[in-house]
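Trainee: To start, I am sharing the structure in question, which I have written as structure tokens.
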Amino acid sequence: MEYIELLGNIKDKKDFLKFMELFGKSIKNISIQDYLESVSSWVESMEGYYKNTNQEMPENINWDFIATLFYVGSIYE
């Protein structure tokens with residue numbers, strides 16, 4: 001199974017961890033700085049992504065939790 005197949009179907013912690021395992025194995029030759037810049041750019045225009053793919057824009061996104069995920073990834077042992 002590829003990580004992309006899990007998108008849209010991640011319902012719990014177990015699903016998320018499986019996604020992260022597969023996704024982590026797929027990343028090649030990209031710096032963390034470039035990756036974070038890409039994430040930020042996508043977030044700036046994410047409404048267009050959902051519109052162009054005929055998907056509903058998620059509601060009640062917990063931006064603080066997402067920021068916490070990125071932060072703790074930089075300090076957790």
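Order determines the names: the first chain of the structure tokens is A, the second B, and so forth; residues in each chain are numbered 1 upward, and ligands are numbered 1 upward as they are shown.
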Neighbours of stretch 58-74 of chain A within 12 Å (only C-alpha atoms; same-chain residues fewer than 5 positions away dropped), as an mmCIF file with C-alpha atoms, in the first residue's frame?
Mentor:
data_model
loop_
_atom_site.group_PDB
_atom_site.id
_atom_site.type_symbol
_atom_site.label_atom_id
_atom_site.label_comp_id
_atom_site.auth_asym_id
_atom_site.auth_seq_id
_atom_site.Cartn_x
_atom_site.Cartn_y
_atom_site.Cartn_z
ATOM 1 C CA GLY A 8 -8.893 10.831 2.942
ATOM 2 C CA ILE A 32 13.556 20.117 5.763
ATOM 3 C CA TYR A 35 9.663 20.815 2.760
ATOM 4 C CA LEU A 36 8.407 23.322 5.328
ATOM 5 C CA VAL A 39 3.823 23.046 3.286
ATOM 6 C CA SER A 40 3.443 26.760 4.057
ATOM 7 C CA VAL A 43 -1.572 26.127 3.210
ATOM 8 C CA MET A 46 -5.274 25.241 0.116
ATOM 9 C CA GLU A 47 -8.773 26.492 -0.720
ATOM 10 C CA TYR A 49 -6.702 22.608 -3.936
ATOM 11 C CA TYR A 50 -10.023 21.581 -2.438
ATOM 12 C CA LYS A 51 -11.985 23.466 -5.084
#
Trainee: Enumerate as a PDB file with N, CA and C atoms, in the first residue's frame all residues of chain A assigned to alpha helix (DSSP H) by DSSP on the backbone, naming them with the chain letters and numbers the document uses.
Mentor:
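File written: selection.pdb
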ATOM      1  N   TYR A   3       1.339   5.441   0.647  1.00  0.00           N
ATOM      2  CA  TYR A   3       0.809   6.435   1.574  1.00  0.00           C
ATOM      3  C   TYR A   3      -0.313   7.264   0.952  1.00  0.00           C
ATOM      4  N   ILE A   4      -0.239   7.545  -0.326  1.00  0.00           N
ATOM      5  CA  ILE A   4      -1.242   8.384  -0.992  1.00  0.00           C
ATOM      6  C   ILE A   4      -2.627   7.732  -0.944  1.00  0.00           C
ATOM      7  N   GLU A   5      -2.663   6.414  -0.918  1.00  0.00           N
ATOM      8  CA  GLU A   5      -3.941   5.694  -0.855  1.00  0.00           C
ATOM      9  C   GLU A   5      -4.635   5.877   0.489  1.00  0.00           C
ATOM     10  N   LEU A   6      -3.875   6.259   1.503  1.00  0.00           N
ATOM     11  CA  LEU A   6      -4.453   6.447   2.831  1.00  0.00           C
ATOM     12  C   LEU A   6      -5.109   7.810   3.002  1.00  0.00           C
ATOM     13  N   LYS A  13      -5.413   7.324  15.247  1.00  0.00           N
ATOM     14  CA  LYS A  13      -3.969   7.370  15.481  1.00  0.00           C
ATOM     15  C   LYS A  13      -3.240   6.259  14.732  1.00  0.00           C
ATOM     16  N   LYS A  14      -3.808   5.069  14.724  1.00  0.00           N
ATOM     17  CA  LYS A  14      -3.182   3.939  14.033  1.00  0.00           C
ATOM     18  C   LYS A  14      -3.051   4.222  12.537  1.00  0.00           C
ATOM     19  N   ASP A  15      -4.112   4.741  11.928  1.00  0.00           N
ATOM     20  CA  ASP A  15      -4.074   5.089  10.501  1.00  0.00           C
ATOM     21  C   ASP A  15      -3.015   6.164  10.241  1.00  0.00           C
ATOM     22  N   PHE A  16      -2.969   7.167  11.121  1.00  0.00           N
ATOM     23  CA  PHE A  16      -2.000   8.247  10.958  1.00  0.00           C
ATOM     24  C   PHE A  16      -0.575   7.721  11.046  1.00  0.00           C
ATOM     25  N   LEU A  17      -0.314   6.839  11.992  1.00  0.00           N
ATOM     26  CA  LEU A  17       1.032   6.286  12.145  1.00  0.00           C
ATOM     27  C   LEU A  17       1.421   5.431  10.936  1.00  0.00           C
ATOM     28  N   LYS A  18       0.496   4.705  10.366  1.00  0.00           N
ATOM     29  CA  LYS A  18       0.776   3.935   9.153  1.00  0.00           C
ATOM     30  C   LYS A  18       1.105   4.873   8.001  1.00  0.00           C
ATOM     31  N   PHE A  19       0.321   5.945   7.872  1.00  0.00           N
ATOM     32  CA  PHE A  19       0.600   6.942   6.851  1.00  0.00           C
ATOM     33  C   PHE A  19       2.004   7.513   7.030  1.00  0.00           C
ATOM     34  N   MET A  20       2.358   7.891   8.242  1.00  0.00           N
ATOM     35  CA  MET A  20       3.668   8.491   8.502  1.00  0.00           C
ATOM     36  C   MET A  20       4.797   7.517   8.179  1.00  0.00           C
ATOM     37  N   GLU A  21       4.605   6.254   8.507  1.00  0.00           N
ATOM     38  CA  GLU A  21       5.620   5.235   8.194  1.00  0.00           C
ATOM     39  C   GLU A  21       5.865   5.162   6.688  1.00  0.00           C
ATOM     40  N   LEU A  22       4.780   5.041   5.929  1.00  0.00           N
ATOM     41  CA  LEU A  22       4.903   4.920   4.472  1.00  0.00           C
ATOM     42  C   LEU A  22       5.389   6.217   3.839  1.00  0.00           C
ATOM     43  N   PHE A  23       4.878   7.328   4.308  1.00  0.00           N
ATOM     44  CA  PHE A  23       5.279   8.622   3.775  1.00  0.00           C
ATOM     45  C   PHE A  23       6.758   8.886   4.040  1.00  0.00           C
ATOM     46  N   GLY A  24       7.201   8.598   5.252  1.00  0.00           N
ATOM     47  CA  GLY A  24       8.599   8.803   5.603  1.00  0.00           C
ATOM     48  C   GLY A  24       9.548   8.018   4.717  1.00  0.00           C
ATOM     49  N   LYS A  25       9.155   6.820   4.337  1.00  0.00           N
ATOM     50  CA  LYS A  25       9.988   5.990   3.460  1.00  0.00           C
ATOM     51  C   LYS A  25      10.018   6.514   2.026  1.00  0.00           C
ATOM     52  N   SER A  26       9.042   7.342   1.663  1.00  0.00           N
ATOM     53  CA  SER A  26       8.940   7.796   0.278  1.00  0.00           C
ATOM     54  C   SER A  26       9.715   9.090   0.004  1.00  0.00           C
ATOM     55  N   ILE A  32      14.669  19.784   4.866  1.00  0.00           N
ATOM     56  CA  ILE A  32      13.556  20.117   5.763  1.00  0.00           C
ATOM     57  C   ILE A  32      13.071  21.530   5.485  1.00  0.00           C
ATOM     58  N   GLN A  33      13.989  22.440   5.237  1.00  0.00           N
ATOM     59  CA  GLN A  33      13.604  23.820   4.941  1.00  0.00           C
ATOM     60  C   GLN A  33      12.727  23.888   3.694  1.00  0.00           C
ATOM     61  N   ASP A  34      13.120  23.192   2.632  1.00  0.00           N
ATOM     62  CA  ASP A  34      12.314  23.178   1.409  1.00  0.00           C
ATOM     63  C   ASP A  34      10.945  22.548   1.660  1.00  0.00           C
ATOM     64  N   TYR A  35      10.922  21.489   2.446  1.00  0.00           N
ATOM     65  CA  TYR A  35       9.663  20.815   2.760  1.00  0.00           C
ATOM     66  C   TYR A  35       8.721  21.751   3.518  1.00  0.00           C
ATOM     67  N   LEU A  36       9.242  22.423   4.539  1.00  0.00           N
ATOM     68  CA  LEU A  36       8.407  23.322   5.328  1.00  0.00           C
ATOM     69  C   LEU A  36       7.916  24.508   4.493  1.00  0.00           C
ATOM     70  N   GLU A  37       8.746  25.007   3.601  1.00  0.00           N
ATOM     71  CA  GLU A  37       8.319  26.086   2.712  1.00  0.00           C
ATOM     72  C   GLU A  37       7.200  25.604   1.785  1.00  0.00           C
ATOM     73  N   SER A  38       7.301  24.379   1.313  1.00  0.00           N
ATOM     74  CA  SER A  38       6.252  23.815   0.457  1.00  0.00           C
ATOM     75  C   SER A  38       4.941  23.660   1.220  1.00  0.00           C
ATOM     76  N   VAL A  39       5.027  23.185   2.455  1.00  0.00           N
ATOM     77  CA  VAL A  39       3.823  23.046   3.286  1.00  0.00           C
ATOM     78  C   VAL A  39       3.176  24.411   3.486  1.00  0.00           C
ATOM     79  N   SER A  40       3.978  25.409   3.833  1.00  0.00           N
ATOM     80  CA  SER A  40       3.443  26.760   4.057  1.00  0.00           C
ATOM     81  C   SER A  40       2.793  27.318   2.795  1.00  0.00           C
ATOM     82  N   SER A  41       3.433  27.126   1.659  1.00  0.00           N
ATOM     83  CA  SER A  41       2.870  27.613   0.395  1.00  0.00           C
ATOM     84  C   SER A  41       1.542  26.939   0.086  1.00  0.00           C
ATOM     85  N   TRP A  42       1.479  25.638   0.341  1.00  0.00           N
ATOM     86  CA  TRP A  42       0.235  24.918   0.087  1.00  0.00           C
ATOM     87  C   TRP A  42      -0.878  25.426   0.998  1.00  0.00           C
ATOM     88  N   VAL A  43      -0.563  25.645   2.271  1.00  0.00           N
ATOM     89  CA  VAL A  43      -1.572  26.127   3.210  1.00  0.00           C
ATOM     90  C   VAL A  43      -2.118  27.481   2.755  1.00  0.00           C
ATOM     91  N   GLU A  44      -1.243  28.334   2.227  1.00  0.00           N
ATOM     92  CA  GLU A  44      -1.691  29.640   1.752  1.00  0.00           C
ATOM     93  C   GLU A  44      -2.732  29.519   0.644  1.00  0.00           C
ATOM     94  N   MET A  46      -4.598  26.526  -0.028  1.00  0.00           N
ATOM     95  CA  MET A  46      -5.274  25.241   0.116  1.00  0.00           C
ATOM     96  C   MET A  46      -6.731  25.264  -0.332  1.00  0.00           C
ATOM     97  N   GLU A  47      -7.383  26.408  -0.258  1.00  0.00           N
ATOM     98  CA  GLU A  47      -8.773  26.492  -0.720  1.00  0.00           C
ATOM     99  C   GLU A  47      -8.872  26.115  -2.192  1.00  0.00           C
ATOM    100  N   GLY A  48      -7.902  26.546  -2.984  1.00  0.00           N
ATOM    101  CA  GLY A  48      -7.876  26.201  -4.400  1.00  0.00           C
ATOM    102  C   GLY A  48      -7.711  24.716  -4.636  1.00  0.00           C
ATOM    103  N   TYR A  49      -6.888  24.056  -3.816  1.00  0.00           N
ATOM    104  CA  TYR A  49      -6.702  22.608  -3.936  1.00  0.00           C
ATOM    105  C   TYR A  49      -8.035  21.898  -3.753  1.00  0.00           C
ATOM    106  N   TYR A  50      -8.750  22.256  -2.702  1.00  0.00           N
ATOM    107  CA  TYR A  50     -10.023  21.581  -2.438  1.00  0.00           C
ATOM    108  C   TYR A  50     -11.044  21.879  -3.527  1.00  0.00           C
ATOM    109  N   LYS A  51     -11.060  23.106  -4.000  1.00  0.00           N
ATOM    110  CA  LYS A  51     -11.985  23.466  -5.084  1.00  0.00           C
ATOM    111  C   LYS A  51     -11.637  22.699  -6.354  1.00  0.00           C
ATOM    112  N   ASN A  52     -10.367  22.664  -6.716  1.00  0.00           N
ATOM    113  CA  ASN A  52      -9.936  22.008  -7.959  1.00  0.00           C
ATOM    114  C   ASN A  52     -10.090  20.496  -7.931  1.00  0.00           C
ATOM    115  N   TRP A  63      -5.335  24.320  14.023  1.00  0.00           N
ATOM    116  CA  TRP A  63      -4.043  24.838  13.580  1.00  0.00           C
ATOM    117  C   TRP A  63      -3.001  24.771  14.682  1.00  0.00           C
ATOM    118  N   ASP A  64      -3.410  24.956  15.924  1.00  0.00           N
ATOM    119  CA  ASP A  64      -2.455  24.882  17.031  1.00  0.00           C
ATOM    120  C   ASP A  64      -1.903  23.467  17.170  1.00  0.00           C
ATOM    121  N   PHE A  65      -2.740  22.466  17.010  1.00  0.00           N
ATOM    122  CA  PHE A  65      -2.272  21.083  17.087  1.00  0.00           C
ATOM    123  C   PHE A  65      -1.297  20.768  15.956  1.00  0.00           C
ATOM    124  N   ILE A  66      -1.602  21.243  14.755  1.00  0.00           N
ATOM    125  CA  ILE A  66      -0.702  21.023  13.615  1.00  0.00           C
ATOM    126  C   ILE A  66       0.641  21.682  13.868  1.00  0.00           C
ATOM    127  N   ALA A  67       0.621  22.923  14.365  1.00  0.00           N
ATOM    128  CA  ALA A  67       1.874  23.616  14.687  1.00  0.00           C
ATOM    129  C   ALA A  67       2.653  22.858  15.760  1.00  0.00           C
ATOM    130  N   THR A  68       1.938  22.321  16.736  1.00  0.00           N
ATOM    131  CA  THR A  68       2.581  21.548  17.794  1.00  0.00           C
ATOM    132  C   THR A  68       3.252  20.301  17.231  1.00  0.00           C
ATOM    133  N   LEU A  69       2.608  19.615  16.283  1.00  0.00           N
ATOM    134  CA  LEU A  69       3.217  18.441  15.648  1.00  0.00           C
ATOM    135  C   LEU A  69       4.556  18.785  15.006  1.00  0.00           C
ATOM    136  N   PHE A  70       4.562  19.872  14.245  1.00  0.00           N
ATOM    137  CA  PHE A  70       5.813  20.286  13.597  1.00  0.00           C
ATOM    138  C   PHE A  70       6.874  20.658  14.639  1.00  0.00           C
ATOM    139  N   TYR A  71       6.457  21.387  15.669  1.00  0.00           N
ATOM    140  CA  TYR A  71       7.418  21.812  16.694  1.00  0.00           C
ATOM    141  C   TYR A  71       8.009  20.626  17.445  1.00  0.00           C
ATOM    142  N   VAL A  72       7.163  19.740  17.956  1.00  0.00           N
ATOM    143  CA  VAL A  72       7.692  18.647  18.774  1.00  0.00           C
ATOM    144  C   VAL A  72       8.555  17.688  17.966  1.00  0.00           C
ATOM    145  N   GLY A  73       8.313  17.632  16.656  1.00  0.00           N
ATOM    146  CA  GLY A  73       9.177  16.827  15.805  1.00  0.00           C
ATOM    147  C   GLY A  73      10.613  17.331  15.801  1.00  0.00           C
ATOM    148  N   SER A  74      10.799  18.595  16.121  1.00  0.00           N
ATOM    149  CA  SER A  74      12.157  19.164  16.126  1.00  0.00           C
ATOM    150  C   SER A  74      12.855  19.008  17.467  1.00  0.00           C
ATOM    151  N   ILE A  75      12.104  18.646  18.522  1.00  0.00           N
ATOM    152  CA  ILE A  75      12.743  18.548  19.843  1.00  0.00           C
ATOM    153  C   ILE A  75      12.646  17.163  20.492  1.00  0.00           C
TER     154      ILE A  75
END
Trainee: Rank nothing, just name the residue among A:Ser45, A:Lys28, A:Asn9, A:Glu77 nearest to A:Met57, using only C-alpha atoms.
Mentor: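 Nearest to A:Met57: A:Ser45.
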